[in-house]
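What follows is a set of notes on a single structure, which appears directly below.
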Amino acid sequence: MQQYDFKPIVVIPAFNEHGRISQVVHRVLEHVDNVVVIDDGSSDASAAEAEAAGARVVKHDGNRGKGVALNTGFADARAQGCDVVITMDADGQHDPSDLPRFLEAYQRTGIPVLIGNRMAASDTMPLVRRLTNRFMSWLLSREMGQYVPDTQCGYRLFRCDVIPLVTTHSERFAAESEILLHVAERGIRIDAVPVATIYRDEKSKINPFKDTLRFFQMLSHYRRNRRQRQRR
């Protein structure tokens, strides 16, 4: 395992990932020795599998959504005294072998926020998702004043001192977009790291209609609050 001059932690939100989470944790531990799984009210054996694989597990009493799970993971990372936190999904779509890309890029550049970029090799991505990602990434990049090629990718690195600035109020997948808006508003630099994405036959937890609606509701709420902050 490569040693770095900073302390990383991997945060994995999980909801009903029985049969997948164990392998993800095992493979993450090949690269990073501190892994916490946020079990977001799973009704299956996800928590037990993650713990048996070597992760620490923090449980939510019920399903509260990815945004809340991320906030829990961020709080845990700070409590552990970590320097950087990497977030990734529990379903195996994020390849743990890409972790060194984030860690080496951070060690080389010190850039405080690194976002996985799947779009350079997006041929395996379902067409609807690929088109949606490109549109949302264009829209958010324009809003942020920084170009981020894949704003919808949940595979990310944050330096822990920016975490108080990224706490999100969105409960589900819109949370990941809201985080980037808060980061960019404060002038924090964001860069991208190329990553692979693995699509199998698992059913996506993203609801195209509901989550797109939540995205635009989040964006409208953010713009309204930003105007209020600017008037103060």
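Here's how to read the names in the structure tokens: chain A, B, ... by the order shown, residue numbers from 1 in each chain, ligand numbers from 1 in the order shown.
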TODO: Skip segment 40-46 of chain A itself and residues of its chain fewer than 2 positions away, then list as a PyMOL selection string all residues within 9 Å of it, counting only C-alpha atoms.
DONE: chain A and resi 13-22+38+48-51+58-66+68-69
Produce a file of the selected residues containing C-alpha atoms, as a PDB file, in the first residue's frame.
```
ATOM      1  CA  PRO A  13     -22.783   5.722   1.704  1.00  0.00           C
ATOM      2  CA  ALA A  14     -24.713   2.456   1.363  1.00  0.00           C
ATOM      3  CA  PHE A  15     -28.365   1.505   1.118  1.00  0.00           C
ATOM      4  CA  ASN A  16     -29.291  -2.143   0.552  1.00  0.00           C
ATOM      5  CA  GLU A  17     -26.006  -3.145  -1.083  1.00  0.00           C
ATOM      6  CA  HIS A  18     -25.997  -6.775   0.115  1.00  0.00           C
ATOM      7  CA  GLY A  19     -23.753  -8.863  -2.121  1.00  0.00           C
ATOM      8  CA  ARG A  20     -21.758  -5.886  -3.404  1.00  0.00           C
ATOM      9  CA  ILE A  21     -20.485  -3.865  -0.448  1.00  0.00           C
ATOM     10  CA  SER A  22     -18.118  -6.553   0.827  1.00  0.00           C
ATOM     11  CA  ILE A  38     -22.571   4.949   6.274  1.00  0.00           C
ATOM     12  CA  ALA A  48     -22.780  -6.690   8.675  1.00  0.00           C
ATOM     13  CA  GLU A  49     -21.079  -7.416   5.352  1.00  0.00           C
ATOM     14  CA  ALA A  50     -19.212  -4.107   5.384  1.00  0.00           C
ATOM     15  CA  GLU A  51     -18.047  -4.639   8.952  1.00  0.00           C
ATOM     16  CA  VAL A  58     -22.065   4.134  11.100  1.00  0.00           C
ATOM     17  CA  LYS A  59     -25.781   3.371  10.944  1.00  0.00           C
ATOM     18  CA  HIS A  60     -28.788   5.576  10.297  1.00  0.00           C
ATOM     19  CA  ASP A  61     -32.047   4.418  11.889  1.00  0.00           C
ATOM     20  CA  GLY A  62     -33.891   4.895   8.601  1.00  0.00           C
ATOM     21  CA  ASN A  63     -33.238   5.796   4.985  1.00  0.00           C
ATOM     22  CA  ARG A  64     -32.421   9.513   5.052  1.00  0.00           C
ATOM     23  CA  GLY A  65     -30.891   9.917   1.598  1.00  0.00           C
ATOM     24  CA  LYS A  66     -27.428  10.285   0.141  1.00  0.00           C
ATOM     25  CA  VAL A  68     -27.515  13.135   4.826  1.00  0.00           C
ATOM     26  CA  ALA A  69     -25.276  10.056   4.554  1.00  0.00           C
TER      27      ALA A  69
END
```
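In the backbone-derived DSSP annotation, alpha helix (DSSP H) within segment 4-77 of chain A comprises Ile21, Ser22, Gln23, Val24, Val25, His26, Arg27, Val28, Ser46, Ala47, Ala48, Glu49, Ala50, Glu51, Ala52, Ala53, Lys66, Gly67, Val68, Ala69, Leu70, Asn71, Thr72, Gly73, Phe74, Ala75, Asp76 and Ala77 of chain A.
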Selection export as a short mmCIF file (atom, residue, chain, number, x, y, z; two decimals), in the first residue's frame, atoms kept: N, CA, C and O atoms:
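See selection.cif below for the written result:
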```
data_model
loop_
_atom_site.label_atom_id
_atom_site.label_comp_id
_atom_site.auth_asym_id
_atom_site.auth_seq_id
_atom_site.Cartn_x
_atom_site.Cartn_y
_atom_site.Cartn_z
N ILE A 21 -21.28 -4.73 -1.31
CA ILE A 21 -20.48 -3.87 -0.45
C ILE A 21 -19.22 -4.55 0.06
O ILE A 21 -18.17 -3.92 0.21
N SER A 22 -19.28 -5.85 0.30
CA SER A 22 -18.12 -6.55 0.83
C SER A 22 -16.93 -6.47 -0.12
O SER A 22 -15.80 -6.15 0.29
N GLN A 23 -17.17 -6.73 -1.40
CA GLN A 23 -16.08 -6.68 -2.38
C GLN A 23 -15.54 -5.27 -2.52
O GLN A 23 -14.33 -5.07 -2.67
N VAL A 24 -16.43 -4.28 -2.49
CA VAL A 24 -15.98 -2.89 -2.59
C VAL A 24 -15.04 -2.55 -1.45
O VAL A 24 -13.95 -2.00 -1.65
N VAL A 25 -15.44 -2.90 -0.22
CA VAL A 25 -14.60 -2.61 0.95
C VAL A 25 -13.26 -3.33 0.84
O VAL A 25 -12.20 -2.74 1.09
N HIS A 26 -13.29 -4.61 0.50
CA HIS A 26 -12.04 -5.38 0.37
C HIS A 26 -11.08 -4.69 -0.61
O HIS A 26 -9.88 -4.56 -0.34
N ARG A 27 -11.59 -4.24 -1.72
CA ARG A 27 -10.73 -3.64 -2.75
C ARG A 27 -10.25 -2.25 -2.34
O ARG A 27 -9.13 -1.86 -2.67
N VAL A 28 -11.10 -1.50 -1.63
CA VAL A 28 -10.67 -0.19 -1.13
C VAL A 28 -9.52 -0.35 -0.15
O VAL A 28 -8.55 0.42 -0.17
N SER A 46 -26.25 -5.32 4.57
CA SER A 46 -25.17 -4.45 4.12
C SER A 46 -24.20 -4.09 5.24
O SER A 46 -22.97 -4.16 5.07
N ALA A 47 -24.73 -3.69 6.39
CA ALA A 47 -23.88 -3.24 7.49
C ALA A 47 -22.98 -4.37 7.99
O ALA A 47 -21.77 -4.18 8.19
N ALA A 48 -23.56 -5.55 8.18
CA ALA A 48 -22.78 -6.69 8.68
C ALA A 48 -21.71 -7.09 7.67
O ALA A 48 -20.57 -7.41 8.05
N GLU A 49 -22.06 -7.06 6.38
CA GLU A 49 -21.08 -7.42 5.35
C GLU A 49 -19.92 -6.42 5.32
O GLU A 49 -18.76 -6.80 5.19
N ALA A 50 -20.25 -5.13 5.42
CA ALA A 50 -19.21 -4.11 5.38
C ALA A 50 -18.27 -4.24 6.57
O ALA A 50 -17.05 -4.13 6.44
N GLU A 51 -18.85 -4.49 7.74
CA GLU A 51 -18.05 -4.64 8.95
C GLU A 51 -17.16 -5.88 8.86
O GLU A 51 -15.97 -5.83 9.21
N ALA A 52 -17.70 -6.97 8.37
CA ALA A 52 -16.92 -8.21 8.23
C ALA A 52 -15.78 -8.03 7.23
O ALA A 52 -14.73 -8.67 7.36
N ALA A 53 -15.96 -7.15 6.25
CA ALA A 53 -14.94 -6.91 5.24
C ALA A 53 -13.83 -5.99 5.74
O ALA A 53 -12.79 -5.87 5.09
N LYS A 66 -28.87 10.21 0.33
CA LYS A 66 -27.43 10.29 0.14
C LYS A 66 -26.82 11.55 0.72
O LYS A 66 -25.70 11.53 1.25
N GLY A 67 -27.53 12.68 0.61
CA GLY A 67 -26.99 13.92 1.15
C GLY A 67 -26.73 13.83 2.64
O GLY A 67 -25.67 14.25 3.13
N VAL A 68 -27.68 13.28 3.37
CA VAL A 68 -27.52 13.14 4.83
C VAL A 68 -26.40 12.14 5.13
O VAL A 68 -25.60 12.34 6.05
N ALA A 69 -26.34 11.04 4.35
CA ALA A 69 -25.28 10.06 4.55
C ALA A 69 -23.90 10.68 4.32
O ALA A 69 -22.94 10.41 5.06
N LEU A 70 -23.78 11.53 3.31
CA LEU A 70 -22.51 12.22 3.08
C LEU A 70 -22.15 13.12 4.25
O LEU A 70 -21.00 13.16 4.70
N ASN A 71 -23.13 13.87 4.75
CA ASN A 71 -22.86 14.74 5.90
C ASN A 71 -22.37 13.94 7.10
O ASN A 71 -21.45 14.35 7.81
N THR A 72 -22.99 12.77 7.33
CA THR A 72 -22.55 11.90 8.42
C THR A 72 -21.11 11.45 8.20
O THR A 72 -20.29 11.44 9.12
N GLY A 73 -20.80 11.07 6.97
CA GLY A 73 -19.44 10.64 6.65
C GLY A 73 -18.43 11.75 6.80
O GLY A 73 -17.31 11.53 7.30
N PHE A 74 -18.79 12.97 6.37
CA PHE A 74 -17.88 14.11 6.52
C PHE A 74 -17.60 14.39 8.00
O PHE A 74 -16.46 14.65 8.39
N ALA A 75 -18.65 14.33 8.82
CA ALA A 75 -18.46 14.56 10.26
C ALA A 75 -17.55 13.49 10.86
O ALA A 75 -16.69 13.79 11.71
N ASP A 76 -17.72 12.25 10.42
CA ASP A 76 -16.88 11.17 10.92
C ASP A 76 -15.42 11.40 10.52
O ASP A 76 -14.50 11.18 11.32
N ALA A 77 -15.19 11.83 9.28
CA ALA A 77 -13.82 12.08 8.80
C ALA A 77 -13.12 13.13 9.64
O ALA A 77 -11.95 12.99 10.01
#
```
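Distances from A:Phe215, A:Phe6, A:Phe135, A:Tyr106 to Arg156 of chain A were compared using only C-alpha atoms, and the smallest one belongs to A:Tyr106.
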Open item on the list: I'd like the neighbourhood of Pro112 of chain A as a PyMOL selection string, where a residue qualifies if any of its atoms comes within 8 Å (using only C-alpha atoms), though same-chain residues fewer than 5 positions away should be ignored.
Closed with: chain A and resi 106+157-159+162+188-190
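With only C-alpha atoms as the atoms that count, the residue of A:Gln107, A:Asn225, A:Gln146, A:Gln93 with the shortest distance to Gly187 of chain A is A:Gln146.
A straight line drawn from atom CA of Val84 of chain A to atom CA of Leu165 of chain A is 14.2 Å long.
For the set A:Ala174, A:Val35, A:Ile9, A:Ile198, the residue with the smallest atom-to-atom gap to Leu213 of chain A is A:Ala174, counting only C-alpha atoms.
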